[in-house]
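**Q** Below is the file model.cif, with mmCIF, C-alpha atoms; chains and numbers go by the auth columns.
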data_input
loop_
_atom_site.group_PDB
_atom_site.id
_atom_site.type_symbol
_atom_site.label_atom_id
_atom_site.label_comp_id
_atom_site.label_asym_id
_atom_site.label_seq_id
_atom_site.Cartn_x
_atom_site.Cartn_y
_atom_site.Cartn_z
_atom_site.B_iso_or_equiv
_atom_site.auth_seq_id
_atom_site.auth_asym_id
ATOM 1 C CA MET A 1 -3.394 -7.269 4.017 0.00 6 M
ATOM 2 C CA SER A 2 -4.413 -7.280 7.629 0.00 7 M
ATOM 3 C CA TYR A 3 -1.936 -6.678 10.424 0.00 8 M
ATOM 4 C CA ILE A 4 -4.219 -7.398 13.316 0.00 9 M
ATOM 5 C CA SER A 5 -6.253 -10.278 11.913 0.00 10 M
ATOM 6 C CA ASN A 6 -5.888 -12.299 15.082 0.00 11 M
ATOM 7 C CA ILE A 7 -4.612 -12.067 18.604 0.00 12 M
ATOM 8 C CA GLU A 8 -1.477 -14.084 17.843 0.00 13 M
ATOM 9 C CA ASP A 9 -0.353 -11.421 15.388 0.00 14 M
ATOM 10 C CA ILE A 10 -0.487 -8.718 18.017 0.00 15 M
ATOM 11 C CA LYS A 11 1.260 -10.896 20.576 0.00 16 M
ATOM 12 C CA LYS A 12 4.012 -11.699 18.088 0.00 17 M
ATOM 13 C CA CYS A 13 5.243 -8.166 17.578 0.00 18 M
ATOM 14 C CA PRO A 14 3.150 -5.679 19.509 0.00 19 M
ATOM 15 C CA THR A 15 5.978 -3.190 19.686 0.00 20 M
ATOM 16 C CA GLU A 16 6.599 -2.962 15.965 0.00 21 M
ATOM 17 C CA PHE A 17 2.873 -2.559 15.314 0.00 22 M
ATOM 18 C CA ALA A 18 2.489 -0.006 18.093 0.00 23 M
ATOM 19 C CA LEU A 19 5.432 2.023 16.801 0.00 24 M
ATOM 20 C CA ALA A 20 4.097 1.947 13.256 0.00 25 M
ATOM 21 C CA LEU A 21 0.672 3.089 14.427 0.00 26 M
ATOM 22 C CA ARG A 22 2.170 5.870 16.500 0.00 27 M
ATOM 23 C CA ASP A 23 4.356 6.998 13.584 0.00 28 M
ATOM 24 C CA THR A 24 1.343 7.355 11.353 0.00 29 M
ATOM 25 C CA LEU A 25 -0.691 9.159 13.966 0.00 30 M
ATOM 26 C CA ASN A 26 2.191 11.533 14.660 0.00 31 M
ATOM 27 C CA VAL A 27 2.601 12.345 10.985 0.00 32 M
ATOM 28 C CA LEU A 28 -1.090 13.175 10.641 0.00 33 M
ATOM 29 C CA SER A 29 -1.593 15.031 13.913 0.00 34 M
ATOM 30 C CA GLY A 30 -1.458 18.789 14.039 0.00 35 M
ATOM 31 C CA LYS A 31 -4.120 21.298 13.204 0.00 36 M
ATOM 32 C CA TRP A 32 -3.408 21.555 9.467 0.00 37 M
ATOM 33 C CA LYS A 33 -1.530 18.425 8.448 0.00 38 M
ATOM 34 C CA LEU A 34 -4.489 16.613 6.904 0.00 39 M
ATOM 35 C CA ASN A 35 -5.592 19.713 5.058 0.00 40 M
ATOM 36 C CA VAL A 36 -2.133 20.378 3.619 0.00 41 M
ATOM 37 C CA ILE A 37 -1.825 16.745 2.501 0.00 42 M
ATOM 38 C CA GLY A 38 -5.336 16.981 1.038 0.00 43 M
ATOM 39 C CA VAL A 39 -4.392 20.000 -1.081 0.00 44 M
ATOM 40 C CA LEU A 40 -1.174 18.322 -2.270 0.00 45 M
ATOM 41 C CA PHE A 41 -3.094 15.264 -3.515 0.00 46 M
ATOM 42 C CA PHE A 42 -3.985 17.572 -6.423 0.00 47 M
ATOM 43 C CA GLY A 43 -0.285 17.782 -7.363 0.00 48 M
ATOM 44 C CA LYS A 44 2.737 20.031 -6.924 0.00 49 M
ATOM 45 C CA LYS A 45 1.895 23.454 -5.483 0.00 50 M
ATOM 46 C CA ARG A 46 3.617 26.699 -4.538 0.00 51 M
ATOM 47 C CA PHE A 47 3.375 28.029 -1.011 0.00 52 M
ATOM 48 C CA THR A 48 0.825 30.688 -1.949 0.00 53 M
ATOM 49 C CA GLU A 49 -1.275 28.139 -3.831 0.00 54 M
ATOM 50 C CA ILE A 50 -1.477 25.898 -0.759 0.00 55 M
ATOM 51 C CA GLU A 51 -2.301 28.940 1.340 0.00 56 M
ATOM 52 C CA LYS A 52 -5.203 29.832 -0.967 0.00 57 M
ATOM 53 C CA GLY A 53 -6.537 26.290 -0.689 0.00 58 M
ATOM 54 C CA LEU A 54 -6.774 26.547 3.079 0.00 59 M
ATOM 55 C CA GLU A 55 -8.903 29.177 4.731 0.00 60 M
ATOM 56 C CA GLU A 56 -7.677 30.789 7.911 0.00 61 M
ATOM 57 C CA ILE A 57 -4.145 29.359 7.897 0.00 62 M
ATOM 58 C CA THR A 58 -1.422 31.908 8.606 0.00 63 M
ATOM 59 C CA PRO A 59 1.814 31.834 6.559 0.00 64 M
ATOM 60 C CA ARG A 60 3.720 31.066 9.744 0.00 65 M
ATOM 61 C CA MET A 61 1.537 28.057 10.556 0.00 66 M
ATOM 62 C CA LEU A 62 1.718 26.760 6.992 0.00 67 M
ATOM 63 C CA SER A 63 5.476 27.106 6.982 0.00 68 M
ATOM 64 C CA LYS A 64 5.695 25.128 10.240 0.00 69 M
ATOM 65 C CA GLU A 65 3.386 22.366 9.002 0.00 70 M
ATOM 66 C CA LEU A 66 5.265 22.035 5.704 0.00 71 M
ATOM 67 C CA LYS A 67 8.595 21.839 7.506 0.00 72 M
ATOM 68 C CA GLU A 68 7.303 19.049 9.762 0.00 73 M
ATOM 69 C CA LEU A 69 5.836 17.125 6.823 0.00 74 M
ATOM 70 C CA GLU A 70 9.175 17.499 5.010 0.00 75 M
ATOM 71 C CA LEU A 71 11.091 16.208 8.050 0.00 76 M
ATOM 72 C CA ASN A 72 8.702 13.255 8.228 0.00 77 M
ATOM 73 C CA GLY A 73 9.370 12.366 4.601 0.00 78 M
ATOM 74 C CA VAL A 74 5.829 13.062 3.470 0.00 79 M
ATOM 75 C CA VAL A 75 6.477 16.238 1.463 0.00 80 M
ATOM 76 C CA ASN A 76 9.316 17.230 -0.871 0.00 81 M
ATOM 77 C CA ARG A 77 10.417 20.856 -1.215 0.00 82 M
ATOM 78 C CA ILE A 78 11.554 21.495 -4.770 0.00 83 M
ATOM 79 C CA VAL A 79 13.659 24.529 -5.570 0.00 84 M
ATOM 80 C CA THR A 80 13.939 25.503 -9.228 0.00 85 M
ATOM 81 C CA ALA A 81 16.898 27.781 -9.868 0.00 86 M
ATOM 82 C CA SER A 82 15.104 30.109 -12.224 0.00 87 M
ATOM 83 C CA ARG A 83 14.694 33.876 -11.848 0.00 88 M
ATOM 84 C CA PRO A 84 12.918 34.373 -9.590 0.00 89 M
ATOM 85 C CA VAL A 85 13.623 31.112 -7.770 0.00 90 M
ATOM 86 C CA VAL A 86 10.515 28.913 -7.707 0.00 91 M
ATOM 87 C CA ILE A 87 9.807 26.855 -4.595 0.00 92 M
ATOM 88 C CA GLU A 88 7.207 24.139 -4.818 0.00 93 M
ATOM 89 C CA TYR A 89 5.928 21.376 -2.569 0.00 94 M
ATOM 90 C CA GLU A 90 4.782 17.917 -3.562 0.00 95 M
ATOM 91 C CA LEU A 91 3.887 14.687 -1.811 0.00 96 M
ATOM 92 C CA THR A 92 6.606 12.041 -1.683 0.00 97 M
ATOM 93 C CA GLU A 93 5.813 8.431 -2.605 0.00 98 M
ATOM 94 C CA SER A 94 5.066 7.849 1.097 0.00 99 M
ATOM 95 C CA GLY A 95 2.831 10.902 1.044 0.00 100 M
ATOM 96 C CA TYR A 96 0.751 9.548 -1.829 0.00 101 M
ATOM 97 C CA GLU A 97 0.567 6.185 -0.099 0.00 102 M
ATOM 98 C CA LEU A 98 -1.304 7.886 2.751 0.00 103 M
ATOM 99 C CA LYS A 99 -4.326 7.869 0.454 0.00 104 M
ATOM 100 C CA LYS A 100 -5.408 4.413 1.614 0.00 105 M
ATOM 101 C CA VAL A 101 -5.078 5.442 5.254 0.00 106 M
ATOM 102 C CA LEU A 102 -7.089 8.611 4.684 0.00 107 M
ATOM 103 C CA ASP A 103 -9.694 6.652 2.725 0.00 108 M
ATOM 104 C CA GLU A 104 -10.246 4.307 5.644 0.00 109 M
ATOM 105 C CA MET A 105 -10.349 7.239 8.048 0.00 110 M
ATOM 106 C CA ILE A 106 -12.942 9.047 5.927 0.00 111 M
ATOM 107 C CA GLY A 107 -14.997 5.864 5.587 0.00 112 M
ATOM 108 C CA TRP A 108 -14.984 5.230 9.304 0.00 113 M
ATOM 109 C CA GLY A 109 -15.703 8.878 10.115 0.00 114 M
ATOM 110 C CA ILE A 110 -18.754 8.964 7.833 0.00 115 M
ATOM 111 C CA LEU A 111 -20.224 5.715 9.215 0.00 116 M
ATOM 112 C CA HIS A 112 -19.486 6.750 12.785 0.00 117 M
ATOM 113 C CA ARG A 113 -21.116 10.158 12.308 0.00 118 M
ATOM 114 C CA GLU A 114 -24.286 8.459 11.002 0.00 119 M
ATOM 115 C CA LYS A 115 -24.390 6.157 14.035 0.00 120 M
ATOM 116 C CA ILE A 116 -23.857 8.991 16.509 0.00 121 M
ATOM 117 C CA PHE A 117 -26.619 11.104 14.971 0.00 122 M
ATOM 118 C CA LYS A 118 -29.060 8.177 14.863 0.00 123 M
ATOM 119 C CA LYS A 119 -28.944 7.940 18.640 0.00 124 M
ATOM 120 C CA MET B 1 -14.283 1.555 -1.466 0.00 6 O
ATOM 121 C CA SER B 2 -12.250 4.654 -2.160 0.00 7 O
ATOM 122 C CA TYR B 3 -13.396 8.097 -1.099 0.00 8 O
ATOM 123 C CA ILE B 4 -10.679 10.097 -2.769 0.00 9 O
ATOM 124 C CA SER B 5 -10.214 8.136 -5.974 0.00 10 O
ATOM 125 C CA ASN B 6 -10.189 11.265 -8.093 0.00 11 O
ATOM 126 C CA ILE B 7 -10.136 15.020 -7.810 0.00 12 O
ATOM 127 C CA GLU B 8 -13.832 15.320 -8.644 0.00 13 O
ATOM 128 C CA ASP B 9 -14.693 13.321 -5.535 0.00 14 O
ATOM 129 C CA ILE B 10 -12.891 15.746 -3.296 0.00 15 O
ATOM 130 C CA LYS B 11 -14.368 18.766 -5.055 0.00 16 O
ATOM 131 C CA LYS B 12 -17.863 17.318 -4.720 0.00 17 O
ATOM 132 C CA CYS B 13 -17.977 17.227 -0.953 0.00 18 O
ATOM 133 C CA PRO B 14 -14.715 18.376 0.553 0.00 19 O
ATOM 134 C CA THR B 15 -16.389 19.434 3.767 0.00 20 O
ATOM 135 C CA GLU B 16 -18.035 16.117 4.531 0.00 21 O
ATOM 136 C CA PHE B 17 -14.778 14.272 3.820 0.00 22 O
ATOM 137 C CA ALA B 18 -12.728 16.758 5.838 0.00 23 O
ATOM 138 C CA LEU B 19 -15.105 16.485 8.802 0.00 24 O
ATOM 139 C CA ALA B 20 -15.052 12.692 8.662 0.00 25 O
ATOM 140 C CA LEU B 21 -11.254 12.667 8.560 0.00 26 O
ATOM 141 C CA ARG B 22 -11.025 15.098 11.449 0.00 27 O
ATOM 142 C CA ASP B 23 -13.532 13.040 13.476 0.00 28 O
ATOM 143 C CA THR B 24 -11.425 9.934 13.087 0.00 29 O
ATOM 144 C CA LEU B 25 -8.195 11.716 13.901 0.00 30 O
ATOM 145 C CA ASN B 26 -9.767 13.294 16.975 0.00 31 O
ATOM 146 C CA VAL B 27 -11.046 9.958 18.223 0.00 32 O
ATOM 147 C CA LEU B 28 -7.577 8.411 17.898 0.00 33 O
ATOM 148 C CA SER B 29 -5.498 11.324 19.181 0.00 34 O
ATOM 149 C CA GLY B 30 -4.335 11.423 22.762 0.00 35 O
ATOM 150 C CA LYS B 31 -1.412 9.729 24.373 0.00 36 O
ATOM 151 C CA TRP B 32 -3.148 6.434 25.208 0.00 37 O
ATOM 152 C CA LYS B 33 -6.160 6.136 22.932 0.00 38 O
ATOM 153 C CA LEU B 34 -4.590 3.723 20.456 0.00 39 O
ATOM 154 C CA ASN B 35 -3.184 1.563 23.230 0.00 40 O
ATOM 155 C CA VAL B 36 -6.513 1.344 25.054 0.00 41 O
ATOM 156 C CA ILE B 37 -8.317 0.436 21.830 0.00 42 O
ATOM 157 C CA GLY B 38 -5.591 -2.111 21.113 0.00 43 O
ATOM 158 C CA VAL B 39 -6.107 -3.822 24.469 0.00 44 O
ATOM 159 C CA LEU B 40 -9.896 -3.880 24.000 0.00 45 O
ATOM 160 C CA PHE B 41 -9.583 -5.645 20.622 0.00 46 O
ATOM 161 C CA PHE B 42 -8.946 -8.701 22.818 0.00 47 O
ATOM 162 C CA GLY B 43 -12.447 -8.397 24.242 0.00 48 O
ATOM 163 C CA LYS B 44 -14.285 -7.003 27.270 0.00 49 O
ATOM 164 C CA LYS B 45 -11.973 -5.944 30.109 0.00 50 O
ATOM 165 C CA ARG B 46 -12.145 -4.527 33.622 0.00 51 O
ATOM 166 C CA PHE B 47 -10.385 -1.276 34.463 0.00 52 O
ATOM 167 C CA THR B 48 -7.534 -3.022 36.265 0.00 53 O
ATOM 168 C CA GLU B 49 -7.095 -5.485 33.395 0.00 54 O
ATOM 169 C CA ILE B 50 -6.673 -2.624 30.920 0.00 55 O
ATOM 170 C CA GLU B 51 -4.285 -0.940 33.321 0.00 56 O
ATOM 171 C CA LYS B 52 -2.142 -4.088 33.484 0.00 57 O
ATOM 172 C CA GLY B 53 -2.006 -4.230 29.691 0.00 58 O
ATOM 173 C CA LEU B 54 -0.510 -0.740 29.489 0.00 59 O
ATOM 174 C CA GLU B 55 2.769 0.068 31.161 0.00 60 O
ATOM 175 C CA GLU B 56 3.197 3.457 32.744 0.00 61 O
ATOM 176 C CA ILE B 57 -0.429 4.621 32.507 0.00 62 O
ATOM 177 C CA THR B 58 -1.809 6.172 35.682 0.00 63 O
ATOM 178 C CA PRO B 59 -5.356 5.308 36.831 0.00 64 O
ATOM 179 C CA ARG B 60 -6.286 8.948 36.391 0.00 65 O
ATOM 180 C CA MET B 61 -5.082 9.031 32.774 0.00 66 O
ATOM 181 C CA LEU B 62 -6.790 5.735 31.955 0.00 67 O
ATOM 182 C CA SER B 63 -10.032 6.966 33.455 0.00 68 O
ATOM 183 C CA LYS B 64 -9.838 10.129 31.328 0.00 69 O
ATOM 184 C CA GLU B 65 -9.080 8.235 28.132 0.00 70 O
ATOM 185 C CA LEU B 66 -11.901 5.723 28.731 0.00 71 O
ATOM 186 C CA LYS B 67 -14.364 8.547 29.402 0.00 72 O
ATOM 187 C CA GLU B 68 -13.412 10.271 26.138 0.00 73 O
ATOM 188 C CA LEU B 69 -13.658 7.038 24.169 0.00 74 O
ATOM 189 C CA GLU B 70 -17.079 6.421 25.719 0.00 75 O
ATOM 190 C CA LEU B 71 -18.252 9.941 24.811 0.00 76 O
ATOM 191 C CA ASN B 72 -17.034 9.356 21.260 0.00 77 O
ATOM 192 C CA GLY B 73 -19.070 6.149 20.982 0.00 78 O
ATOM 193 C CA VAL B 74 -16.035 3.900 20.651 0.00 79 O
ATOM 194 C CA VAL B 75 -16.215 2.192 24.042 0.00 80 O
ATOM 195 C CA ASN B 76 -19.165 0.913 26.093 0.00 81 O
ATOM 196 C CA ARG B 77 -19.075 0.921 29.876 0.00 82 O
ATOM 197 C CA ILE B 78 -20.985 -2.071 31.199 0.00 83 O
ATOM 198 C CA VAL B 79 -22.143 -2.142 34.782 0.00 84 O
ATOM 199 C CA THR B 80 -23.225 -5.534 36.148 0.00 85 O
ATOM 200 C CA ALA B 81 -25.341 -5.173 39.291 0.00 86 O
ATOM 201 C CA SER B 82 -23.714 -8.019 41.184 0.00 87 O
ATOM 202 C CA ARG B 83 -22.005 -7.829 44.577 0.00 88 O
ATOM 203 C CA PRO B 84 -19.541 -6.295 44.280 0.00 89 O
ATOM 204 C CA VAL B 85 -20.658 -4.308 41.224 0.00 90 O
ATOM 205 C CA VAL B 86 -18.572 -5.263 38.173 0.00 91 O
ATOM 206 C CA ILE B 87 -17.636 -2.543 35.701 0.00 92 O
ATOM 207 C CA GLU B 88 -16.263 -3.581 32.346 0.00 93 O
ATOM 208 C CA TYR B 89 -15.324 -1.852 29.131 0.00 94 O
ATOM 209 C CA GLU B 90 -15.752 -3.128 25.595 0.00 95 O
ATOM 210 C CA LEU B 91 -15.455 -1.729 22.098 0.00 96 O
ATOM 211 C CA THR B 92 -18.695 -0.694 20.419 0.00 97 O
ATOM 212 C CA GLU B 93 -19.461 -1.770 16.859 0.00 98 O
ATOM 213 C CA SER B 94 -17.804 1.468 15.711 0.00 99 O
ATOM 214 C CA GLY B 95 -14.840 0.659 17.902 0.00 100 O
ATOM 215 C CA TYR B 96 -14.332 -2.722 16.266 0.00 101 O
ATOM 216 C CA GLU B 97 -14.719 -1.116 12.851 0.00 102 O
ATOM 217 C CA LEU B 98 -11.596 0.930 13.598 0.00 103 O
ATOM 218 C CA LYS B 99 -9.637 -2.233 12.861 0.00 104 O
ATOM 219 C CA LYS B 100 -9.439 -1.459 9.152 0.00 105 O
ATOM 220 C CA VAL B 101 -8.246 2.083 9.877 0.00 106 O
ATOM 221 C CA LEU B 102 -5.592 0.853 12.293 0.00 107 O
ATOM 222 C CA ASP B 103 -4.522 -1.837 9.827 0.00 108 O
ATOM 223 C CA GLU B 104 -3.890 0.767 7.145 0.00 109 O
ATOM 224 C CA MET B 105 -2.079 2.978 9.644 0.00 110 O
ATOM 225 C CA ILE B 106 0.158 0.102 10.743 0.00 111 O
ATOM 226 C CA GLY B 107 0.843 -0.860 7.141 0.00 112 O
ATOM 227 C CA TRP B 108 1.786 2.682 6.171 0.00 113 O
ATOM 228 C CA GLY B 109 3.884 3.156 9.298 0.00 114 O
ATOM 229 C CA ILE B 110 5.912 -0.004 8.639 0.00 115 O
ATOM 230 C CA LEU B 111 6.583 0.875 4.987 0.00 116 O
ATOM 231 C CA HIS B 112 7.371 4.468 5.835 0.00 117 O
ATOM 232 C CA ARG B 113 9.803 3.462 8.584 0.00 118 O
ATOM 233 C CA GLU B 114 11.658 1.202 6.110 0.00 119 O
ATOM 234 C CA LYS B 115 11.943 4.052 3.612 0.00 120 O
ATOM 235 C CA ILE B 116 13.189 6.545 6.199 0.00 121 O
ATOM 236 C CA PHE B 117 15.858 4.150 7.478 0.00 122 O
ATOM 237 C CA LYS B 118 17.024 3.243 3.960 0.00 123 O
ATOM 238 C CA LYS B 119 18.045 6.870 3.364 0.00 124 O
#
As structure tokens, please, write out the structure in this file.

**A**
Amino acid sequence: MSYISNIEDIKKCPTEFALALRDTLNVLSGKWKLNVIGVLFFGKKRFTEIEKGLEEITPRMLSKELKELELNGVVNRIVTASRPVVIEYELTESGYELKKVLDEMIGWGILHREKIFKK
Amino acid sequence: MSYISNIEDIKKCPTEFALALRDTLNVLSGKWKLNVIGVLFFGKKRFTEIEKGLEEITPRMLSKELKELELNGVVNRIVTASRPVVIEYELTESGYELKKVLDEMIGWGILHREKIFKK
């Protein structure tokens, strides 16, 4: 489905489209967001497992990024009341649905990189 | 075409994918980038025409955003040697190809917004 297939579409509800675009960009922006989401595509993970998957991230940064992703409804924090308590993170349905967005972003990035280097 | 259809894909070349993703995010980040690109989807425009299409942008900000988009190969600056000289901006091929990315971002943003408000 295309949201901006013609000019009339944009004229009809530019604000809704602009807000939706901005939402998505806001969710993905931040130094580590994409990387954290990327790791969680592999499934539910503990904090230390995510940390291992990302070089150079500090626990404080990871904690901040996870909290923001949770607030944005992209990540669920699951607490299992065992001993010791197990805390895990997983993508929400919305989080998994980002796959198509990321696919298009990767596709564009690869093509664009080729064009830039051809120059 | 899907770039992250399965885990093996990501394992195969995580760096290339990550770079491509980051490229795209970098190109789109910035307070006005999306709006400027949105206006230019309508076709070639002069500076003042873009300015009119965007409320609240200052000429200085617009100039900065256009320069960055030009450096990133998303926008062409066309100088016509008439009197007075006419300077126009248009999306490059890469710029127009962002449409699919923006479409997916809009689609996700709309769905996500519905889910958040349902809660």

**Q** With the cut-off set at 9 Å and counting all atoms listed in the file, tabulate each residue of region 51-117 of chain O with an atom at most that distance from an atom of region 83-105 of chain M, showing the nearest atom pair and its distance in Å to one decimal, ordered by chain and increasing number, as CSV.

**A**
residue,atom,partner,partner_atom,distance
O:Glu109,CA,M:Lys105,CA,6.8
O:Met110,CA,M:Leu103,CA,8.5
O:Trp113,CA,M:Leu103,CA,7.0
O:Leu116,CA,M:Ser99,CA,8.1
O:His117,CA,M:Ser99,CA,6.3

**Q** Would you write out chain O as an mmCIF file with C-alpha atoms, in the coordinates of the input, after superposing it on chain M by least squares over all in-order Cα pairs?

**A**
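Saved file result.cif follows:
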data_model
loop_
_atom_site.group_PDB
_atom_site.id
_atom_site.type_symbol
_atom_site.label_atom_id
_atom_site.label_comp_id
_atom_site.auth_asym_id
_atom_site.auth_seq_id
_atom_site.Cartn_x
_atom_site.Cartn_y
_atom_site.Cartn_z
ATOM 1 C CA MET O 6 -3.404 -7.234 3.966
ATOM 2 C CA SER O 7 -4.412 -7.259 7.600
ATOM 3 C CA TYR O 8 -1.926 -6.667 10.386
ATOM 4 C CA ILE O 9 -4.210 -7.379 13.293
ATOM 5 C CA SER O 10 -6.269 -10.236 11.902
ATOM 6 C CA ASN O 11 -5.921 -12.264 15.072
ATOM 7 C CA ILE O 12 -4.644 -12.019 18.606
ATOM 8 C CA GLU O 13 -1.511 -14.017 17.808
ATOM 9 C CA ASP O 14 -0.433 -11.339 15.345
ATOM 10 C CA ILE O 15 -0.542 -8.660 17.982
ATOM 11 C CA LYS O 16 1.220 -10.837 20.541
ATOM 12 C CA LYS O 17 3.963 -11.646 18.042
ATOM 13 C CA CYS O 18 5.209 -8.122 17.551
ATOM 14 C CA PRO O 19 3.149 -5.646 19.514
ATOM 15 C CA THR O 20 5.991 -3.166 19.671
ATOM 16 C CA GLU O 21 6.604 -2.947 15.947
ATOM 17 C CA PHE O 22 2.872 -2.535 15.299
ATOM 18 C CA ALA O 23 2.493 0.015 18.093
ATOM 19 C CA LEU O 24 5.445 2.043 16.797
ATOM 20 C CA ALA O 25 4.105 1.968 13.246
ATOM 21 C CA LEU O 26 0.680 3.113 14.427
ATOM 22 C CA ARG O 27 2.177 5.892 16.511
ATOM 23 C CA ASP O 28 4.366 7.011 13.581
ATOM 24 C CA THR O 29 1.344 7.364 11.349
ATOM 25 C CA LEU O 30 -0.695 9.170 13.968
ATOM 26 C CA ASN O 31 2.184 11.545 14.662
ATOM 27 C CA VAL O 32 2.615 12.342 10.987
ATOM 28 C CA LEU O 33 -1.088 13.184 10.650
ATOM 29 C CA SER O 34 -1.582 15.045 13.928
ATOM 30 C CA GLY O 35 -1.469 18.808 14.036
ATOM 31 C CA LYS O 36 -4.130 21.303 13.198
ATOM 32 C CA TRP O 37 -3.408 21.560 9.459
ATOM 33 C CA LYS O 38 -1.531 18.429 8.454
ATOM 34 C CA LEU O 39 -4.497 16.627 6.912
ATOM 35 C CA ASN O 40 -5.596 19.731 5.043
ATOM 36 C CA VAL O 41 -2.133 20.370 3.610
ATOM 37 C CA ILE O 42 -1.829 16.743 2.501
ATOM 38 C CA GLY O 43 -5.321 16.983 1.024
ATOM 39 C CA VAL O 44 -4.378 20.005 -1.082
ATOM 40 C CA LEU O 45 -1.166 18.324 -2.283
ATOM 41 C CA PHE O 46 -3.080 15.253 -3.520
ATOM 42 C CA PHE O 47 -3.969 17.569 -6.420
ATOM 43 C CA GLY O 48 -0.305 17.768 -7.374
ATOM 44 C CA LYS O 49 2.736 20.015 -6.933
ATOM 45 C CA LYS O 50 1.909 23.442 -5.484
ATOM 46 C CA ARG O 51 3.624 26.691 -4.545
ATOM 47 C CA PHE O 52 3.388 28.026 -1.004
ATOM 48 C CA THR O 53 0.834 30.678 -1.933
ATOM 49 C CA GLU O 54 -1.263 28.136 -3.839
ATOM 50 C CA ILE O 55 -1.468 25.904 -0.762
ATOM 51 C CA GLU O 56 -2.294 28.935 1.344
ATOM 52 C CA LYS O 57 -5.190 29.822 -0.971
ATOM 53 C CA GLY O 58 -6.540 26.284 -0.690
ATOM 54 C CA LEU O 59 -6.787 26.544 3.096
ATOM 55 C CA GLU O 60 -8.922 29.187 4.726
ATOM 56 C CA GLU O 61 -7.695 30.787 7.905
ATOM 57 C CA ILE O 62 -4.153 29.366 7.887
ATOM 58 C CA THR O 63 -1.423 31.899 8.606
ATOM 59 C CA PRO O 64 1.812 31.836 6.562
ATOM 60 C CA ARG O 65 3.703 31.078 9.749
ATOM 61 C CA MET O 66 1.529 28.052 10.561
ATOM 62 C CA LEU O 67 1.711 26.755 6.992
ATOM 63 C CA SER O 68 5.474 27.101 6.987
ATOM 64 C CA LYS O 69 5.679 25.120 10.243
ATOM 65 C CA GLU O 70 3.384 22.367 9.007
ATOM 66 C CA LEU O 71 5.258 22.039 5.689
ATOM 67 C CA LYS O 72 8.592 21.839 7.515
ATOM 68 C CA GLU O 73 7.294 19.046 9.762
ATOM 69 C CA LEU O 74 5.835 17.139 6.826
ATOM 70 C CA GLU O 75 9.164 17.494 5.015
ATOM 71 C CA LEU O 76 11.085 16.215 8.058
ATOM 72 C CA ASN O 77 8.700 13.263 8.238
ATOM 73 C CA GLY O 78 9.372 12.369 4.596
ATOM 74 C CA VAL O 79 5.823 13.072 3.460
ATOM 75 C CA VAL O 80 6.478 16.236 1.458
ATOM 76 C CA ASN O 81 9.326 17.224 -0.878
ATOM 77 C CA ARG O 82 10.427 20.829 -1.213
ATOM 78 C CA ILE O 83 11.557 21.487 -4.769
ATOM 79 C CA VAL O 84 13.682 24.496 -5.552
ATOM 80 C CA THR O 85 13.956 25.470 -9.228
ATOM 81 C CA ALA O 86 16.940 27.746 -9.861
ATOM 82 C CA SER O 87 15.143 30.096 -12.222
ATOM 83 C CA ARG O 88 14.740 33.859 -11.838
ATOM 84 C CA PRO O 89 12.956 34.367 -9.586
ATOM 85 C CA VAL O 90 13.653 31.093 -7.761
ATOM 86 C CA VAL O 91 10.529 28.901 -7.708
ATOM 87 C CA ILE O 92 9.820 26.841 -4.603
ATOM 88 C CA GLU O 93 7.208 24.130 -4.822
ATOM 89 C CA TYR O 94 5.939 21.380 -2.579
ATOM 90 C CA GLU O 95 4.798 17.911 -3.571
ATOM 91 C CA LEU O 96 3.904 14.688 -1.814
ATOM 92 C CA THR O 97 6.609 12.032 -1.691
ATOM 93 C CA GLU O 98 5.828 8.429 -2.599
ATOM 94 C CA SER O 99 5.059 7.851 1.092
ATOM 95 C CA GLY O 100 2.834 10.898 1.046
ATOM 96 C CA TYR O 101 0.758 9.554 -1.826
ATOM 97 C CA GLU O 102 0.567 6.183 -0.097
ATOM 98 C CA LEU O 103 -1.310 7.887 2.744
ATOM 99 C CA LYS O 104 -4.327 7.864 0.446
ATOM 100 C CA LYS O 105 -5.405 4.415 1.603
ATOM 101 C CA VAL O 106 -5.076 5.452 5.251
ATOM 102 C CA LEU O 107 -7.093 8.615 4.688
ATOM 103 C CA ASP O 108 -9.701 6.663 2.726
ATOM 104 C CA GLU O 109 -10.243 4.307 5.647
ATOM 105 C CA MET O 110 -10.350 7.237 8.059
ATOM 106 C CA ILE O 111 -12.948 9.036 5.939
ATOM 107 C CA GLY O 112 -14.998 5.866 5.600
ATOM 108 C CA TRP O 113 -14.975 5.220 9.336
ATOM 109 C CA GLY O 114 -15.714 8.855 10.136
ATOM 110 C CA ILE O 115 -18.768 8.928 7.855
ATOM 111 C CA LEU O 116 -20.215 5.686 9.254
ATOM 112 C CA HIS O 117 -19.469 6.707 12.811
ATOM 113 C CA ARG O 118 -21.111 10.110 12.357
ATOM 114 C CA GLU O 119 -24.280 8.402 11.049
ATOM 115 C CA LYS O 120 -24.374 6.104 14.075
ATOM 116 C CA ILE O 121 -23.858 8.929 16.567
ATOM 117 C CA PHE O 122 -26.626 11.035 15.020
ATOM 118 C CA LYS O 123 -29.061 8.101 14.875
ATOM 119 C CA LYS O 124 -28.962 7.832 18.679
#

**Q** Name every residue that the PyMOL selection byres ((chain M and resi 43) around 10) selects in this structure, writing the answer as a list in words with chains first and numbers rising.

**A** Trp37, Lys38, Leu39, Asn40, Val41, Ile42, Val44, Leu45, Phe46, Phe47, Gly48, Ile55, Gly58, Leu59, Leu96, Lys104 and Leu107 of chain M; Ile9, Ile15, Pro19 and Ala23 of chain O

**Q** On this file, the PyMOL selection byres ((chain M) within 6 of (chain O)) gives some set of residues; write that set as a list in words.

**A** Ser7, Tyr8, Phe22, Ala25, Leu26, Asp28, Thr29, Val106, Asp108, Glu109, Met110, Ile111, Gly114 and Ile115 of chain M

**Q** Distance CA of Lys123 (chain M)-CA of Leu67 (chain O), one decimal place?

**A**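 Going from CA of Lys123 (chain M) over to CA of Leu67 (chain O) covers 28.2 Å.
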